[in-house]
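Colleague: My structure is in query_15.cif, and what it holds is mmCIF, C-alpha atoms and all ligand atoms:
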data_target
loop_
_atom_site.label_atom_id
_atom_site.label_comp_id
_atom_site.auth_asym_id
_atom_site.auth_seq_id
_atom_site.Cartn_x
_atom_site.Cartn_y
_atom_site.Cartn_z
CA MET G 1 -13.50 6.40 -3.35
CA ALA G 2 -11.24 5.64 -6.30
CA THR G 3 -11.31 2.16 -7.73
CA ARG G 4 -8.76 0.23 -9.70
CA SER G 5 -9.43 -0.74 -13.28
CA PRO G 6 -9.77 -4.44 -14.18
CA GLU G 7 -6.67 -4.05 -16.39
CA ASP G 8 -4.60 -2.74 -13.47
CA ILE G 9 -5.84 -5.57 -11.26
CA GLU G 10 -5.00 -8.21 -13.88
CA ALA G 11 -1.56 -6.74 -14.54
CA PHE G 12 -0.72 -6.74 -10.84
CA CYS G 13 -1.92 -10.35 -10.37
CA ARG G 14 0.09 -11.52 -13.37
CA ARG G 15 3.28 -9.97 -12.03
CA ALA G 16 2.70 -11.56 -8.61
CA GLN G 17 2.05 -14.97 -10.19
CA ASP G 18 5.17 -14.70 -12.34
CA HIS G 19 7.20 -13.92 -9.24
CA TRP G 20 5.87 -16.98 -7.37
CA SER G 21 5.86 -19.37 -10.33
CA LYS G 22 9.62 -19.00 -10.72
CA ASP G 23 10.35 -20.90 -7.53
CA GLY G 24 7.14 -22.88 -7.11
CA ARG G 25 5.67 -20.72 -4.36
CA ARG G 26 2.42 -20.00 -6.14
CA THR G 27 -0.55 -21.25 -4.08
CA GLN G 28 -4.30 -20.75 -4.21
CA VAL G 29 -4.20 -18.64 -1.05
CA ARG G 30 -1.52 -16.41 -2.58
CA ASP G 31 -3.61 -16.00 -5.72
CA ILE G 32 -6.62 -14.92 -3.64
CA LEU G 33 -4.51 -12.51 -1.58
CA SER G 34 -2.79 -10.95 -4.59
CA ARG G 35 -6.18 -10.33 -6.18
CA VAL G 36 -7.50 -8.60 -3.03
CA VAL G 37 -4.28 -6.58 -2.78
CA ALA G 38 -4.45 -5.63 -6.48
CA ALA G 39 -7.89 -4.08 -5.97
CA GLN G 40 -6.80 -1.73 -3.16
CA ALA G 41 -7.17 1.87 -4.25
CA ALA G 42 -5.65 3.21 -1.02
CA PRO G 43 -2.90 2.10 1.33
CA PHE G 44 -4.06 -0.75 3.59
CA SER G 45 -3.02 -2.62 6.71
CA ALA G 46 -2.63 -6.37 7.20
CA ASP G 47 -5.84 -6.32 9.28
CA GLU G 48 -7.83 -4.70 6.47
CA LEU G 49 -6.47 -7.21 3.98
CA ARG G 50 -7.40 -10.07 6.32
CA THR G 51 -10.98 -8.81 6.74
CA GLN G 52 -11.47 -8.60 2.98
CA ALA G 53 -9.68 -11.85 2.14
CA ARG G 54 -11.74 -13.76 4.70
CA ARG G 55 -14.90 -12.88 2.79
CA ILE G 56 -13.49 -15.07 0.02
CA ASP G 57 -11.78 -17.74 2.10
CA ARG G 58 -12.46 -17.89 5.85
CA GLY G 59 -9.43 -20.07 6.45
CA ILE G 60 -6.81 -17.48 5.52
CA SER G 61 -4.40 -17.02 8.43
CA TYR G 62 -2.32 -14.05 9.57
CA ALA G 63 0.78 -16.13 8.83
CA SER G 64 -0.23 -16.47 5.15
CA ILE G 65 -1.07 -12.78 4.98
CA TYR G 66 2.28 -11.63 6.40
CA ARG G 67 4.23 -14.10 4.24
CA THR G 68 2.38 -12.96 1.11
CA LEU G 69 2.80 -9.26 1.93
CA GLY G 70 6.52 -9.78 2.57
CA SER G 71 6.87 -11.61 -0.70
CA LEU G 72 5.06 -8.86 -2.65
CA VAL G 73 7.34 -6.25 -1.07
CA GLU G 74 10.36 -8.34 -2.06
CA ALA G 75 8.97 -8.62 -5.61
CA GLY G 76 8.79 -4.83 -5.84
CA LEU G 77 5.00 -4.84 -6.15
CA LEU G 78 4.25 -3.36 -2.74
CA ARG G 79 5.90 -0.80 -0.55
CA GLU G 80 5.76 -0.87 3.22
CA ILE G 81 5.01 2.48 4.79
CA VAL G 82 4.36 3.78 8.28
CA GLY G 83 0.71 4.74 8.66
CA PRO G 84 -1.29 6.34 11.49
CA ASN G 85 -0.26 5.36 15.04
CA ASP G 86 2.96 3.97 13.58
CA ARG G 87 0.92 1.11 12.13
CA ARG G 88 2.46 -0.73 9.22
CA CYS G 89 0.63 -0.15 5.93
CA TYR G 90 1.19 -1.24 2.37
CA THR G 91 0.83 0.64 -0.87
CA LEU G 92 0.88 -0.66 -4.43
CA ILE G 93 3.73 0.10 -6.78
CA ASP G 94 2.62 0.17 -10.39
CA SER G 95 1.83 2.55 -13.20
CA THR G 96 -1.12 4.14 -11.38
CA HIS G 97 0.38 4.22 -7.87
CA THR G 98 3.94 5.34 -7.49
CA GLY G 99 3.46 5.50 -3.73
CA VAL G 100 6.58 7.56 -3.21
CA SER G 101 5.04 10.15 -0.92
CA HIS G 102 2.07 10.12 1.37
CA ILE G 103 0.20 12.13 3.94
CA VAL G 104 -0.73 10.39 7.17
CA CYS G 105 -3.81 11.97 8.72
CA THR G 106 -3.63 11.55 12.47
CA ASP G 107 -7.27 12.62 12.88
CA CYS G 108 -8.87 10.32 10.33
CA GLU G 109 -6.19 7.62 10.48
CA GLN G 110 -5.90 7.65 6.71
CA VAL G 111 -2.93 7.37 4.42
CA VAL G 112 -3.31 9.50 1.32
CA PRO G 113 -0.82 8.90 -1.50
CA MET G 114 0.62 11.93 -3.29
CA ASN G 115 2.03 12.01 -6.74
CA ASP G 116 5.06 14.08 -6.03
CA ASP G 117 7.24 14.28 -9.13
CA CYS G 118 9.30 17.06 -7.61
CA LEU G 119 10.70 15.03 -4.74
CA PRO G 120 13.13 12.87 -6.76
CA LEU G 121 14.13 15.91 -8.80
CA ARG G 122 14.67 18.31 -5.95
CA GLU G 123 15.99 16.06 -3.18
CA GLY G 124 17.76 13.83 -5.69
CA PHE G 125 19.64 16.84 -6.98
CA LEU G 126 20.69 17.80 -3.45
CA ALA G 127 21.85 14.27 -2.68
CA ARG G 128 23.90 14.20 -5.87
CA GLN G 129 25.52 17.50 -4.98
CA LEU G 130 26.60 15.93 -1.70
CA GLY G 131 28.16 13.04 -3.59
CA PHE G 132 25.45 10.36 -3.33
CA THR G 133 23.39 8.39 -5.81
CA PRO G 134 19.86 8.18 -4.39
CA ARG G 135 18.35 4.69 -4.51
CA LYS G 136 15.09 5.11 -2.64
CA MET G 137 13.22 8.20 -1.60
CA SER G 138 9.99 8.77 0.24
CA LEU G 139 8.26 11.57 2.02
CA ARG G 140 5.92 11.09 4.95
CA ILE G 141 3.84 14.03 6.14
CA GLU G 142 1.97 13.67 9.40
CA ALA G 143 -1.01 15.97 9.32
CA SER G 144 -4.31 16.93 10.88
CA CYS G 145 -7.47 17.04 8.81
CA GLU G 146 -8.87 20.43 7.72
CA GLU G 147 -12.18 18.94 6.62
CA LEU G 148 -12.74 17.35 10.02
CA ARG G 149 -11.76 20.55 11.82
CA GLN G 150 -14.08 22.77 9.76
CA HIS G 151 -17.07 20.49 9.24
CA GLY G 152 -16.82 18.01 12.08
CA ALA G 153 -16.85 15.15 9.58
CA CYS G 154 -14.56 13.87 6.89
CA ALA G 155 -15.34 11.64 3.90
CA ARG G 156 -11.88 10.11 4.13
CA ARG G 157 -12.51 8.83 7.64
CA LYS G 158 -12.91 5.07 7.46
CA GLN G 159 -15.60 3.19 9.30
CA LYS G 160 -14.00 1.18 12.05
CA GLU G 161 -14.16 -2.56 11.38
CA PRO G 162 -16.28 -4.26 14.03
ZN ZN Q 201 -10.00 13.73 7.30
#
Once you've parsed the file, please lay out its structure as structure tokens.
Ligand SMILES: [Zn+2]

Modeller:
Amino acid sequence: MATRSPEDIEAFCRRAQDHWSKDGRRTQVRDILSRVVAAQAAPFSADELRTQARRIDRGISYASIYRTLGSLVEAGLLREIVGPNDRRCYTLIDSTHTGVSHIVCTDCEQVVPMNDDCLPLREGFLARQLGFTPRKMSLRIEASCEELRQHGACARRKQKEP
């Protein structure tokens, strides 16, 4: 499993804090949540964030989690995507994660980000030809897992939280 470097984590937290400091919305809970979010190497759901954040502070509520996630999306630090079973997931937007395209594995219920530099070039070109200026582009591929089909097990398959 990939991990995020301490520099990436710090940079993400600083940008989140800057965003909240501007209008006095920075709180201790938000600082904890942004740090947990900053460490995510793969797309995650609100439930997964809650499980991890509660190891640090048991009092963190769903309301705080959804407000913080919404605020990070608004700040341009997170992108909301549709994961397995149409579940809402979040993916980081920074130098290491562009998060533009992703594969949703319906077998393993995983979201796998793809670095797809061709998408903006190719589809952007088509859109321009039709007289549009693209503002946002994403590609979502729903797929079944070859590893699971061939070997009966897949390393990407997450353990279900109890
Ligand atoms: Zn798999």

Colleague: Which residues are near ligand ZN 201 (chain Q) in this structure, taking near to mean any atom at most 6 Å from a ligand atom and counting only C-alpha atoms and all ligand atoms? Format them as JSON, numbers by chain.

Modeller: {"G": [108, 145, 147, 148, 154, 156, 157]}

Colleague: Could you tell me how far CA of Arg122 (chain G) sits from CA of Cys105 (chain G), in Å to one decimal place?

Modeller: 24.4 Å

Colleague: Go through region 13-42 of chain G residue by residue and, counting all atoms listed in the file, keep those with an atom at most 10 Å from region 71-90 of chain G; for each kept residue give the shortest atom pair and its distance in Å to one decimal, ordered by chain and increasing number, as a tab-separated table.

Modeller:
residue	atom	partner	partner_atom	distance
G:Cys13	CA	G:Leu77	CA	9.8
G:Arg15	CA	G:Leu77	CA	8.0
G:Ala16	CA	G:Leu72	CA	7.0
G:Asp18	CA	G:Ala75	CA	9.8
G:His19	CA	G:Ala75	CA	6.7
G:Trp20	CA	G:Ser71	CA	8.6
G:Arg25	CA	G:Ser71	CA	9.9
G:Arg30	CA	G:Ser71	CA	9.8
G:Ser34	CA	G:Leu72	CA	8.4
G:Val37	CA	G:Leu78	CA	9.1
G:Ala38	CA	G:Leu77	CA	9.5
G:Gln40	CA	G:Tyr90	CA	9.7
G:Ala42	CA	G:Tyr90	CA	8.8

Colleague: Check the smallest atom-to-atom distance from each of G:Met137, G:Leu92, G:Leu49, G:Ala127 to Pro113 (chain G) using only C-alpha atoms, then report the winner.

Modeller: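 With only C-alpha atoms as the atom set, the closest residue is G:Leu92.
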
Colleague: May I ask for the distance between CA of Ile65 (chain G) and CA of Arg50 (chain G), given in Å to one decimal place?

Modeller: 7.0 Å

Colleague: Quick one, how far is CA of Gln28 (chain G) from CA of Gly70 (chain G)?

Modeller: 16.8 Å

Colleague: Could you list, as a PyMOL selection string, every residue within 10 Å of Leu119 (chain G), counting only C-alpha atoms and ignoring same-chain residues fewer than 6 positions away?

Modeller: chain G and resi 100-101+125+137-139

Colleague: Using only C-alpha atoms, please write the residues we just selected to a file, as a PDB file, in the frame of the given file.

Modeller:
ATOM      1  CA  VAL G 100       6.580   7.560  -3.210  1.00  0.00           C
ATOM      2  CA  SER G 101       5.040  10.150  -0.920  1.00  0.00           C
ATOM      3  CA  PHE G 125      19.640  16.840  -6.980  1.00  0.00           C
ATOM      4  CA  MET G 137      13.220   8.200  -1.600  1.00  0.00           C
ATOM      5  CA  SER G 138       9.990   8.770   0.240  1.00  0.00           C
ATOM      6  CA  LEU G 139       8.260  11.570   2.020  1.00  0.00           C
TER       7      LEU G 139
END

Colleague: Nearest to Ala53 (chain G) among G:Arg4, G:Arg35, G:Arg149, G:Arg140, with distances taken over all atoms listed in the file: which residue is it?

Modeller: G:Arg35

Colleague: Between G:Gln17, G:Ser5, G:Thr106, G:Gln52, which has the minimum distance to Thr68 (chain G) (counting all atoms listed in the file)?

Modeller: G:Gln17

Colleague: Ranking G:Pro43, G:Glu7, G:Gly152, G:Asp31 by minimum distance to Ile93 (chain G) and counting all atoms listed in the file, which one comes first?

Modeller: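 Among the listed residues, the smallest separation from Ile93 (chain G) belongs to G:Pro43.
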